[in-house]
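Shown below: model-v8.tsv, with TSV, C-alpha atoms and all ligand atoms.
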```
chain	number	residue	atom	x	y	z
D	1	MET	CA	3.22	13.92	19.28
D	2	ASN	CA	6.05	12.46	17.21
D	3	GLU	CA	7.01	9.15	18.80
D	4	ARG	CA	9.78	8.37	16.33
D	5	GLY	CA	13.31	8.66	17.70
D	6	GLY	CA	15.78	6.35	15.95
D	7	THR	CA	15.98	4.81	12.52
D	8	ILE	CA	12.87	3.57	10.73
D	9	LEU	CA	13.40	0.62	8.39
D	10	VAL	CA	11.23	0.71	5.27
D	11	THR	CA	11.17	-2.51	3.23
D	12	GLY	CA	10.14	-1.91	-0.37
D	13	GLY	CA	11.03	1.75	0.18
D	14	CYS	CA	12.03	2.24	-3.47
D	15	GLY	CA	8.53	1.44	-4.73
D	16	PHE	CA	5.58	3.71	-5.43
D	17	ILE	CA	4.19	4.02	-1.88
D	18	GLY	CA	7.60	3.52	-0.22
D	19	THR	CA	9.16	6.46	-2.04
D	20	HIS	CA	6.40	8.79	-0.86
D	21	LEU	CA	6.74	7.45	2.68
D	22	CYS	CA	10.54	7.85	2.77
D	23	HIS	CA	10.28	11.48	1.64
D	24	ALA	CA	7.62	12.22	4.26
D	25	LEU	CA	9.71	10.63	7.03
D	26	VAL	CA	12.91	12.41	6.00
D	27	ASN	CA	11.05	15.72	5.73
D	28	ALA	CA	9.91	15.15	9.31
D	29	GLY	CA	13.56	14.81	10.38
D	30	GLN	CA	13.53	11.02	10.58
D	31	ARG	CA	16.50	8.73	9.86
D	32	VAL	CA	15.41	6.18	7.24
D	33	ARG	CA	16.92	2.91	6.05
D	34	VAL	CA	15.48	1.08	3.04
D	35	LEU	CA	15.70	-2.62	2.24
D	36	ASP	CA	14.72	-3.23	-1.38
D	37	ASN	CA	15.83	-5.67	-4.07
D	38	LEU	CA	15.03	-3.10	-6.80
D	39	SER	CA	12.94	-5.65	-8.69
D	40	SER	CA	10.33	-3.00	-9.45
D	41	GLY	CA	11.49	0.00	-7.40
D	42	LYS	CA	14.19	2.48	-8.34
D	43	ALA	CA	17.07	3.57	-6.10
D	44	SER	CA	16.83	7.10	-7.52
D	45	GLY	CA	13.38	7.60	-5.99
D	46	ILE	CA	14.40	7.71	-2.34
D	47	PRO	CA	15.79	10.81	-0.59
D	48	ASP	CA	19.59	11.26	-0.64
D	49	SER	CA	19.80	10.96	3.12
D	50	ALA	CA	18.05	7.57	3.22
D	51	GLU	CA	20.38	4.60	3.55
D	52	LEU	CA	19.73	1.86	0.98
D	53	ILE	CA	20.47	-1.82	1.51
D	54	VAL	CA	19.89	-3.77	-1.69
D	55	GLY	CA	18.63	-7.13	-0.54
D	56	ASP	CA	15.78	-9.60	-0.44
D	57	VAL	CA	13.08	-9.34	2.21
D	58	ALA	CA	12.88	-13.13	2.42
D	59	ASP	CA	16.61	-13.35	3.23
D	60	ALA	CA	16.84	-13.56	7.04
D	61	ASN	CA	20.43	-12.25	7.14
D	62	ALA	CA	19.64	-9.22	4.99
D	63	VAL	CA	16.58	-8.42	7.12
D	64	ALA	CA	18.50	-8.81	10.41
D	65	GLU	CA	21.25	-6.52	9.13
D	66	ALA	CA	18.73	-3.94	7.95
D	67	MET	CA	16.96	-4.09	11.31
D	68	SER	CA	20.08	-3.49	13.39
D	69	ASP	CA	19.55	-0.34	15.52
D	70	ALA	CA	16.12	0.25	13.91
D	71	ASP	CA	13.39	1.62	16.12
D	72	GLY	CA	10.42	0.57	14.03
D	73	ILE	CA	9.60	-1.09	10.73
D	74	VAL	CA	7.31	-0.31	7.84
D	75	HIS	CA	7.13	-3.39	5.65
D	76	LEU	CA	5.95	-2.67	2.10
D	77	ALA	CA	8.14	-4.99	0.00
D	78	ALA	CA	5.97	-7.24	-2.13
D	79	ILE	CA	5.24	-8.36	-5.63
D	80	ALA	CA	2.28	-6.02	-5.87
D	81	SER	CA	0.84	-7.18	-9.19
D	82	VAL	CA	-2.06	-9.62	-8.93
D	83	GLU	CA	-1.40	-10.85	-12.49
D	84	ARG	CA	2.32	-11.38	-11.85
D	85	CYS	CA	1.46	-13.37	-8.70
D	86	ASN	CA	-0.92	-15.53	-10.73
D	87	THR	CA	1.90	-16.32	-13.15
D	88	ASP	CA	4.76	-16.69	-10.67
D	89	TRP	CA	2.81	-18.34	-7.89
D	90	VAL	CA	5.54	-19.83	-5.71
D	91	THR	CA	8.04	-17.06	-6.43
D	92	SER	CA	5.56	-14.38	-5.39
D	93	HIS	CA	4.57	-16.43	-2.33
D	94	ARG	CA	8.20	-16.37	-1.22
D	95	THR	CA	8.25	-12.58	-1.26
D	96	ASN	CA	4.69	-11.89	-0.21
D	97	LEU	CA	4.29	-14.35	2.65
D	98	THR	CA	7.75	-15.70	3.51
D	99	GLY	CA	9.08	-12.12	3.28
D	100	THR	CA	6.46	-10.90	5.77
D	101	LEU	CA	7.24	-13.77	8.14
D	102	THR	CA	10.96	-13.09	7.81
D	103	VAL	CA	10.37	-9.50	8.98
D	104	MET	CA	8.19	-10.69	11.87
D	105	GLU	CA	10.68	-13.36	12.92
D	106	ALA	CA	13.57	-10.87	12.91
D	107	ALA	CA	11.49	-8.58	15.14
D	108	ARG	CA	10.79	-11.54	17.45
D	109	ASP	CA	14.52	-12.31	17.63
D	110	ALA	CA	15.21	-8.69	18.60
D	111	ALA	CA	12.61	-9.00	21.36
D	112	GLU	CA	14.46	-6.71	23.80
D	113	ARG	CA	13.81	-3.79	21.40
D	114	ALA	CA	10.10	-4.59	21.00
D	115	LEU	CA	10.15	-3.37	17.39
D	116	PRO	CA	6.70	-2.52	16.09
D	117	ILE	CA	5.83	-3.40	12.48
D	118	VAL	CA	3.34	-1.62	10.27
D	119	TRP	CA	2.84	-3.47	7.03
D	120	ALA	CA	0.90	-3.46	3.79
D	121	SER	CA	-1.96	-5.89	3.58
D	122	SER	CA	-4.62	-5.33	0.91
D	123	ALA	CA	-8.34	-5.09	0.21
D	124	ALA	CA	-7.65	-8.16	-1.98
D	125	ILE	CA	-8.14	-10.29	1.16
D	126	TYR	CA	-11.90	-9.60	0.95
D	127	GLY	CA	-12.39	-11.05	-2.54
D	128	ALA	CA	-15.85	-10.29	-3.90
D	129	ALA	CA	-17.46	-9.15	-0.64
D	130	ARG	CA	-21.24	-8.98	-0.86
D	131	THR	CA	-21.96	-6.37	1.81
D	132	LEU	CA	-20.84	-2.83	1.16
D	133	PRO	CA	-19.08	-0.84	2.47
D	134	ILE	CA	-16.55	-3.48	3.42
D	135	ALA	CA	-15.71	-3.30	7.11
D	136	GLU	CA	-12.82	-5.15	8.73
D	137	ARG	CA	-15.17	-7.72	10.32
D	138	THR	CA	-16.15	-8.97	6.83
D	139	SER	CA	-15.06	-12.59	6.43
D	140	PRO	CA	-11.98	-12.70	4.22
D	141	ALA	CA	-12.32	-14.66	0.98
D	142	PRO	CA	-9.37	-13.82	-1.26
D	143	MET	CA	-9.69	-14.86	-4.89
D	144	SER	CA	-6.02	-14.74	-5.89
D	145	PRO	CA	-2.63	-15.99	-4.71
D	146	TYR	CA	-1.76	-12.33	-3.99
D	147	GLY	CA	-4.79	-11.93	-1.68
D	148	ALA	CA	-4.20	-15.34	-0.10
D	149	ASP	CA	-0.63	-14.39	0.83
D	150	LYS	CA	-1.73	-11.05	2.31
D	151	LEU	CA	-4.33	-12.90	4.41
D	152	GLY	CA	-1.69	-15.45	5.44
D	153	GLY	CA	0.44	-12.54	6.62
D	154	GLU	CA	-2.43	-11.31	8.77
D	155	LEU	CA	-2.92	-14.73	10.38
D	156	HIS	CA	0.78	-14.80	11.24
D	157	GLY	CA	0.56	-11.18	12.36
D	158	ARG	CA	-1.98	-12.14	15.00
D	159	ALA	CA	0.25	-15.03	16.12
D	160	ALA	CA	3.25	-12.69	16.19
D	161	ALA	CA	1.47	-10.44	18.68
D	162	GLU	CA	-0.10	-13.18	20.80
D	163	ILE	CA	2.72	-15.72	20.94
D	164	PHE	CA	5.84	-13.62	20.42
D	165	GLY	CA	4.80	-10.20	21.70
D	166	VAL	CA	5.52	-8.53	18.33
D	167	SER	CA	3.08	-5.64	17.86
D	168	ASN	CA	2.04	-5.23	14.27
D	169	THR	CA	-0.63	-3.49	12.23
D	170	ALA	CA	-1.80	-4.71	8.84
D	171	LEU	CA	-3.10	-1.85	6.72
D	172	ARG	CA	-5.57	-3.06	4.13
D	173	PHE	CA	-4.96	-0.60	1.31
D	174	PHE	CA	-7.72	-0.18	-1.24
D	175	ASN	CA	-6.76	1.18	-4.73
D	176	VAL	CA	-3.84	3.52	-4.14
D	177	TYR	CA	-3.06	6.19	-6.73
D	178	GLY	CA	-0.88	9.27	-7.06
D	179	PRO	CA	2.22	10.72	-8.69
D	180	GLY	CA	5.09	8.33	-9.27
D	181	GLN	CA	3.14	5.30	-10.43
D	182	ASP	CA	4.77	4.02	-13.60
D	183	PRO	CA	2.11	3.60	-16.31
D	184	TYR	CA	4.30	1.05	-18.10
D	185	SER	CA	4.76	-1.15	-15.05
D	186	PRO	CA	2.61	-4.28	-14.73
D	187	TYR	CA	2.29	-3.33	-11.06
D	188	SER	CA	0.38	-0.12	-11.76
D	189	GLY	CA	-3.35	0.22	-11.68
D	190	VAL	CA	-5.90	1.64	-14.06
D	191	ILE	CA	-5.40	5.29	-13.06
D	192	SER	CA	-1.82	5.76	-14.18
D	193	ILE	CA	-2.48	3.88	-17.42
D	194	PHE	CA	-5.56	5.99	-18.26
D	195	ALA	CA	-3.80	9.23	-17.29
D	196	GLU	CA	-0.83	8.45	-19.52
D	197	LYS	CA	-2.96	7.52	-22.53
D	198	LEU	CA	-5.35	10.46	-22.22
D	199	ALA	CA	-2.48	12.92	-21.74
D	200	LYS	CA	-1.10	11.77	-25.09
D	201	GLY	CA	-4.52	12.25	-26.69
D	202	ASP	CA	-5.04	8.51	-27.07
D	203	GLY	CA	-8.33	6.82	-26.26
D	204	VAL	CA	-8.90	4.39	-23.40
D	205	THR	CA	-10.97	1.23	-23.24
D	206	ILE	CA	-12.82	0.39	-20.06
D	207	ASN	CA	-13.40	-3.30	-19.37
D	208	GLY	CA	-17.17	-3.71	-19.03
D	209	ASP	CA	-19.81	-0.98	-18.76
D	210	GLY	CA	-17.73	1.38	-16.60
D	211	GLN	CA	-20.22	1.21	-13.74
D	212	GLN	CA	-17.98	-1.01	-11.62
D	213	THR	CA	-16.89	0.90	-8.51
D	214	ARG	CA	-13.61	1.22	-6.64
D	215	ASP	CA	-12.38	3.05	-3.57
D	216	PHE	CA	-9.43	5.10	-4.85
D	217	VAL	CA	-7.23	6.38	-2.05
D	218	TYR	CA	-4.55	9.02	-2.58
D	219	VAL	CA	-0.97	8.02	-1.79
D	220	GLY	CA	-0.49	11.05	0.49
D	221	ASP	CA	-3.35	9.78	2.66
D	222	VAL	CA	-1.84	6.28	2.66
D	223	VAL	CA	1.44	7.75	3.92
D	224	ARG	CA	-0.40	9.54	6.73
D	225	ALA	CA	-2.04	6.23	7.69
D	226	LEU	CA	1.34	4.46	7.74
D	227	ILE	CA	2.93	7.13	9.94
D	228	ALA	CA	-0.08	7.38	12.27
D	229	SER	CA	-0.04	3.57	12.68
D	230	LEU	CA	3.66	3.56	13.47
D	231	ASP	CA	3.28	6.37	16.00
D	232	ARG	CA	0.38	4.52	17.61
D	233	LEU	CA	2.47	1.36	18.10
D	234	LEU	CA	5.48	3.34	19.35
D	235	ARG	CA	3.23	5.16	21.84
D	236	ARG	CA	1.81	1.86	23.06
D	237	ARG	CA	5.37	0.60	23.54
D	238	ARG	CA	6.32	3.71	25.55
D	239	LEU	CA	3.24	3.20	27.73
D	240	GLU	CA	4.23	-0.48	28.11
D	241	GLN	CA	0.89	-1.70	26.77
D	242	ASP	CA	0.48	-5.32	25.67
D	243	ALA	CA	1.49	-6.36	22.18
D	244	THR	CA	-1.34	-5.92	19.71
D	245	PHE	CA	-2.35	-6.98	16.21
D	246	ASP	CA	-4.82	-4.86	14.29
D	247	ALA	CA	-6.08	-4.90	10.72
D	248	ILE	CA	-7.27	-1.53	9.46
D	249	ASN	CA	-8.81	-0.50	6.14
D	250	VAL	CA	-7.08	2.40	4.41
D	251	CYS	CA	-9.78	3.80	2.14
D	252	THR	CA	-11.96	6.82	1.54
D	253	GLY	CA	-15.35	5.18	2.05
D	254	ARG	CA	-16.43	6.70	-1.28
D	255	ALA	CA	-17.30	4.54	-4.31
D	256	VAL	CA	-16.21	5.92	-7.67
D	257	THR	CA	-17.23	4.35	-10.97
D	258	VAL	CA	-14.45	3.62	-13.44
D	259	ALA	CA	-16.38	5.64	-16.07
D	260	MET	CA	-16.39	8.68	-13.77
D	261	LEU	CA	-12.70	8.22	-13.13
D	262	ALA	CA	-11.93	8.19	-16.86
D	263	GLU	CA	-14.10	11.25	-17.50
D	264	THR	CA	-12.46	13.22	-14.69
D	265	LEU	CA	-9.03	12.33	-16.06
D	266	ARG	CA	-10.09	13.36	-19.56
D	267	ASP	CA	-11.25	16.75	-18.23
D	268	LEU	CA	-8.06	17.28	-16.23
D	269	THR	CA	-5.78	16.40	-19.15
D	270	GLY	CA	-7.90	18.39	-21.62
D	271	SER	CA	-7.70	15.30	-23.79
D	272	ALA	CA	-9.70	14.66	-26.93
D	273	GLY	CA	-9.10	10.92	-26.41
D	274	GLN	CA	-12.16	8.70	-26.69
D	275	ILE	CA	-13.52	6.57	-23.84
D	276	ASP	CA	-14.61	3.16	-25.18
D	277	TYR	CA	-16.13	0.15	-23.50
D	278	GLY	CA	-14.94	-3.41	-24.05
D	279	PRO	CA	-15.90	-6.82	-22.68
D	280	PRO	CA	-15.65	-7.22	-18.89
D	281	ARG	CA	-12.45	-8.84	-17.64
D	282	ASP	CA	-12.77	-12.36	-16.21
D	283	GLY	CA	-12.69	-12.45	-12.43
D	284	ASP	CA	-13.02	-8.67	-12.00
D	285	ILE	CA	-14.84	-7.66	-8.84
D	286	ARG	CA	-17.93	-5.56	-9.58
D	287	ASP	CA	-17.99	-3.25	-6.58
D	288	SER	CA	-15.50	-2.39	-3.90
D	289	VAL	CA	-15.73	0.36	-1.33
D	290	GLY	CA	-14.24	0.28	2.13
D	291	ASP	CA	-15.60	1.31	5.52
D	292	ALA	CA	-13.17	3.89	6.92
D	293	ALA	CA	-14.60	4.04	10.47
D	294	ARG	CA	-11.88	1.98	12.16
D	295	MET	CA	-9.13	4.01	10.53
D	296	GLN	CA	-10.75	7.16	11.90
D	297	ARG	CA	-11.20	5.63	15.34
D	298	LEU	CA	-7.77	4.02	15.82
D	299	LEU	CA	-5.59	6.41	13.82
D	300	SER	CA	-7.64	9.64	14.10
D	301	ILE	CA	-7.26	10.35	10.40
D	302	ARG	CA	-9.43	10.44	7.29
D	303	ALA	CA	-8.38	9.95	3.68
D	304	GLU	CA	-9.45	13.49	2.87
D	305	THR	CA	-7.86	14.13	-0.55
D	306	ARG	CA	-10.71	14.55	-3.01
D	307	LEU	CA	-10.42	12.45	-6.15
D	308	GLU	CA	-10.16	15.45	-8.44
D	309	GLU	CA	-7.42	16.99	-6.30
D	310	GLY	CA	-5.42	13.76	-6.21
D	311	LEU	CA	-5.85	13.17	-9.93
D	312	ARG	CA	-4.73	16.73	-10.64
D	313	ALA	CA	-1.51	16.11	-8.68
D	314	LEU	CA	-0.95	12.93	-10.67
D	315	VAL	CA	-1.60	14.59	-14.04
D	316	GLU	CA	0.64	17.57	-13.21
D	317	ALA	CA	3.47	15.29	-12.07
D	318	GLY	CA	3.12	13.37	-15.35
D	319	GLN	CA	3.37	16.62	-17.29
D	320	ASP	CA	6.56	17.55	-15.37
D	321	VAL	CA	8.14	14.21	-16.27
D	322	ALA	CA	7.11	14.59	-19.93
D	323	ALA	CA	8.62	18.09	-20.02
D	324	GLN	CA	11.91	16.83	-18.59
D	325	THR	CA	12.21	13.85	-20.92
D	326	GLY	CA	10.50	15.04	-24.04
D	401	LIG	N1	-0.57	0.24	-4.90
D	401	LIG	C1	-1.72	-0.27	-4.46
D	401	LIG	O1	-2.80	0.07	-4.93
D	401	LIG	C2	-1.72	-1.29	-3.33
D	401	LIG	C3	-2.95	-1.78	-2.87
D	401	LIG	C4	-2.95	-2.72	-1.85
D	401	LIG	C5	-1.76	-3.13	-1.26
D	401	LIG	N2	-0.58	-2.64	-1.72
D	401	LIG	C6	0.66	-3.10	-1.09
D	401	LIG	O2	1.44	-1.97	-0.72
D	401	LIG	C7	2.83	-2.30	-0.81
D	401	LIG	C8	3.56	-1.30	-1.68
D	401	LIG	O3	2.96	-1.31	-2.96
D	401	LIG	P1	3.45	-0.38	-4.16
D	401	LIG	O4	2.25	-0.02	-4.95
D	401	LIG	O5	4.34	0.68	-3.64
D	401	LIG	O6	4.29	-1.47	-5.01
D	401	LIG	P2	5.69	-1.33	-5.75
D	401	LIG	O7	5.84	-2.51	-6.65
D	401	LIG	O8	5.82	0.03	-6.36
D	401	LIG	O9	6.73	-1.43	-4.55
D	401	LIG	C9	7.15	-2.66	-3.99
D	401	LIG	C10	8.63	-2.54	-3.68
D	401	LIG	O10	9.06	-3.78	-3.11
D	401	LIG	C11	10.29	-4.14	-3.71
D	401	LIG	N3	10.41	-5.60	-3.65
D	401	LIG	C12	9.71	-6.53	-4.35
D	401	LIG	N4	10.11	-7.77	-4.02
D	401	LIG	C13	11.08	-7.62	-3.08
D	401	LIG	C14	11.89	-8.53	-2.34
D	401	LIG	N5	11.77	-9.86	-2.51
D	401	LIG	N6	12.80	-8.03	-1.47
D	401	LIG	C15	12.93	-6.69	-1.30
D	401	LIG	N7	12.20	-5.79	-1.97
D	401	LIG	C16	11.28	-6.25	-2.84
D	401	LIG	C17	10.22	-3.61	-5.14
D	401	LIG	O11	11.50	-3.44	-5.75
D	401	LIG	C18	9.50	-2.29	-4.92
D	401	LIG	O12	10.41	-1.24	-4.66
D	401	LIG	C19	2.90	-3.74	-1.32
D	401	LIG	O13	3.02	-4.60	-0.22
D	401	LIG	C20	1.55	-3.92	-1.99
D	401	LIG	O14	1.19	-5.29	-2.03
D	401	LIG	C21	-0.51	-1.73	-2.75
```
Could you show the structure in this file as structure tokens?
Amino acid sequence: MNERGGTILVTGGCGFIGTHLCHALVNAGQRVRVLDNLSSGKASGIPDSAELIVGDVADANAVAEAMSDADGIVHLAAIASVERCNTDWVTSHRTNLTGTLTVMEAARDAAERALPIVWASSAAIYGAARTLPIAERTSPAPMSPYGADKLGGELHGRAAAEIFGVSNTALRFFNVYGPGQDPYSPYSGVISIFAEKLAKGDGVTINGDGQQTRDFVYVGDVVRALIASLDRLLRRRRLEQDATFDAINVCTGRAVTVAMLAETLRDLTGSAGQIDYGPPRDGDIRDSVGDAARMQRLLSIRAETRLEEGLRALVEAGQDVAAQTG
């Protein structure tokens, strides 16, 4: 059942994941408002019917204005590049932790509306976890300012539910990929960079032996997890259940080696580009794969898009863009 009546506020709605989410919500007949400072996102990406407020997620007035008459919040705004957060430590902290708290505090201050928040945490909170697959009970041990701020958000998220009655769900995204990721952006991951290079016939260099594994989750499945989480919290509100905080992995549960990823992309692009191997990158985690059981249990969904299918969508979208611009 669709629990969404009024306006849904999406912070960071002009970014990679936010754009996909806004289109899915609007296609489902939902009113959408976006709060984004356009630091990495583009206003042109969101649907025409979505209202855009250009503002900072750590600005309490901007957030309160954006939240007026909202029925629920999806908070995605962040500086999503680990490297950029390493460089701009305090600046990124302001967005990534103060911004999250600002959203939670505004929801607390609108207590009579009991606004639920679904927000983007990250697998980065786990650091180099030793036991695989990584389940939510794994002790967090972030290894970067980015991961530390996401974990800080979760600690406050629990307090928000317990002390202030603000229901919120932290979705721990693993490596998200799909159409719309800008290969030239420092925020984008390995997939869009490899796809772009191979499509041009250029070679790619893998850091290390290529046997490091990741859990690559398709953006369409991430959007389904966001919407299912929001509907779950709205349903709990309708049933007058107690405020809750939950942290849920959003992953496939399947480990893919980076070498296999590059080979699949080379096949899909029909590229003659060479795959080379370079020295491993300092601080890179060797293996990461999530346990998807809680997502299936609490949200009744699976990240079902097969890697090849998701990569094909990404490659075809890239070809469309190249045809339009080139
Ligand atoms: N893409 C992934 O693989 C991945 C993995 C784990 C977690 N996440 C998280 O998911 C969320 C969305 O990621 P994405 O890949 O779409 O990133 P993105 O960079 O494409 O989108 C982030 C959006 O937030 C906006 N933004 C940044 N700072 C802001 C501020 N101070 N005020 C208002 N808006 C601001 C940007 O302009 C952009 O539109 C982020 O919270 C990110 O940390 C992403």
Within 7 Å of stretch 256-263 of chain D, counting all atoms listed in the file, which residues show up once you throw out same-chain ones fewer than 4 positions away? Write them as an MDAnalysis selection string, please. chainID D and resid 194 210:215 267
Counting only C-alpha atoms, note down every residue that has an atom within 12 Å of the point (-4.0, -14.0, -1.9) (file coordinates), as JSON, numbers by chain. {"D": [79, 80, 81, 82, 83, 85, 86, 89, 90, 92, 93, 96, 97, 121, 122, 123, 124, 125, 126, 127, 140, 141, 142, 143, 144, 145, 146, 147, 148, 149, 150, 151, 152, 153, 154]}
Neighbour residues at most 9 Å from (-8.4, 14.0, -10.7) (only C-alpha atoms) as a ChimeraX atom specification: /D:261,264-265,267-268,306-315
Selection as a ChimeraX atom specification: residues within 7 Å of ligand LIG 401 (chain D) by all atoms listed in the file: /D:11-18,35-42,55-58,76-80,95,99,120-123,172-177,187-189
Just want the 6 Å neighbourhood of stretch 275-287 of chain D, counted on only C-alpha atoms, with same-chain residues fewer than 6 positions away dropped. Output as a list in words. Ala128, Gly203, Val204, Thr205, Ile206, Asn207, Gly208, Gln212 and Thr213 of chain D
Figure out the distance between atom CA of D:Asp246 and atom CA of D:Leu171, please, to one decimal in Å.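 Answer for the atom CA of D:Leu171 to atom CA of D:Asp246 separation: 8.3 Å.
Atom pair atom CA of D:Asn27 / atom CA of D:Pro179: separated by 17.6 Å.
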Distance atom CA of D:Ala60-atom CA of D:Ala160, one decimal place?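 A separation of 16.4 Å between them.
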May I ask which of the residues D:Ile191, D:Arg33, D:Ala43, D:Ile163 is the closest one to D:Met67, counting all atoms listed in the file?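 Ranked by minimum distance to D:Met67, first place goes to D:Arg33.
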Could you work out an axis-aligned box for stretch 174-180 of chain D, taking every atom the file lists and adding 8 Å on each side, and report centre and edge lengths in Å to one decimal, as AutoDock Vina command-line options?
```
--center_x -1.3 --center_y 5.3 --center_z -5.3 --size_x 28.8 --size_y 26.9 --size_z 24.0
```
Spatial neighbours of D:Ala225, 9 Å, all atoms listed in the file, chain gap at least 2 places, as a PDB file with C-alpha atoms, in the frame of the given file:
```
ATOM      1  CA  LEU D 171      -3.100  -1.850   6.720  1.00  0.00           C
ATOM      2  CA  GLY D 220      -0.490  11.050   0.490  1.00  0.00           C
ATOM      3  CA  ASP D 221      -3.350   9.780   2.660  1.00  0.00           C
ATOM      4  CA  VAL D 222      -1.840   6.280   2.660  1.00  0.00           C
ATOM      5  CA  VAL D 223       1.440   7.750   3.920  1.00  0.00           C
ATOM      6  CA  ILE D 227       2.930   7.130   9.940  1.00  0.00           C
ATOM      7  CA  ALA D 228      -0.080   7.380  12.270  1.00  0.00           C
ATOM      8  CA  SER D 229      -0.040   3.570  12.680  1.00  0.00           C
ATOM      9  CA  LEU D 230       3.660   3.560  13.470  1.00  0.00           C
ATOM     10  CA  VAL D 250      -7.080   2.400   4.410  1.00  0.00           C
ATOM     11  CA  MET D 295      -9.130   4.010  10.530  1.00  0.00           C
ATOM     12  CA  LEU D 299      -5.590   6.410  13.820  1.00  0.00           C
ATOM     13  CA  ILE D 301      -7.260  10.350  10.400  1.00  0.00           C
ATOM     14  CA  ARG D 302      -9.430  10.440   7.290  1.00  0.00           C
ATOM     15  CA  ALA D 303      -8.380   9.950   3.680  1.00  0.00           C
TER      16      ALA D 303
END
```
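For the choices D:Asp182, D:Glu196, D:Asp48, D:Glu162, the atom-to-atom distance to D:Ser271 is smallest for D:Glu196 when using all atoms listed in the file.
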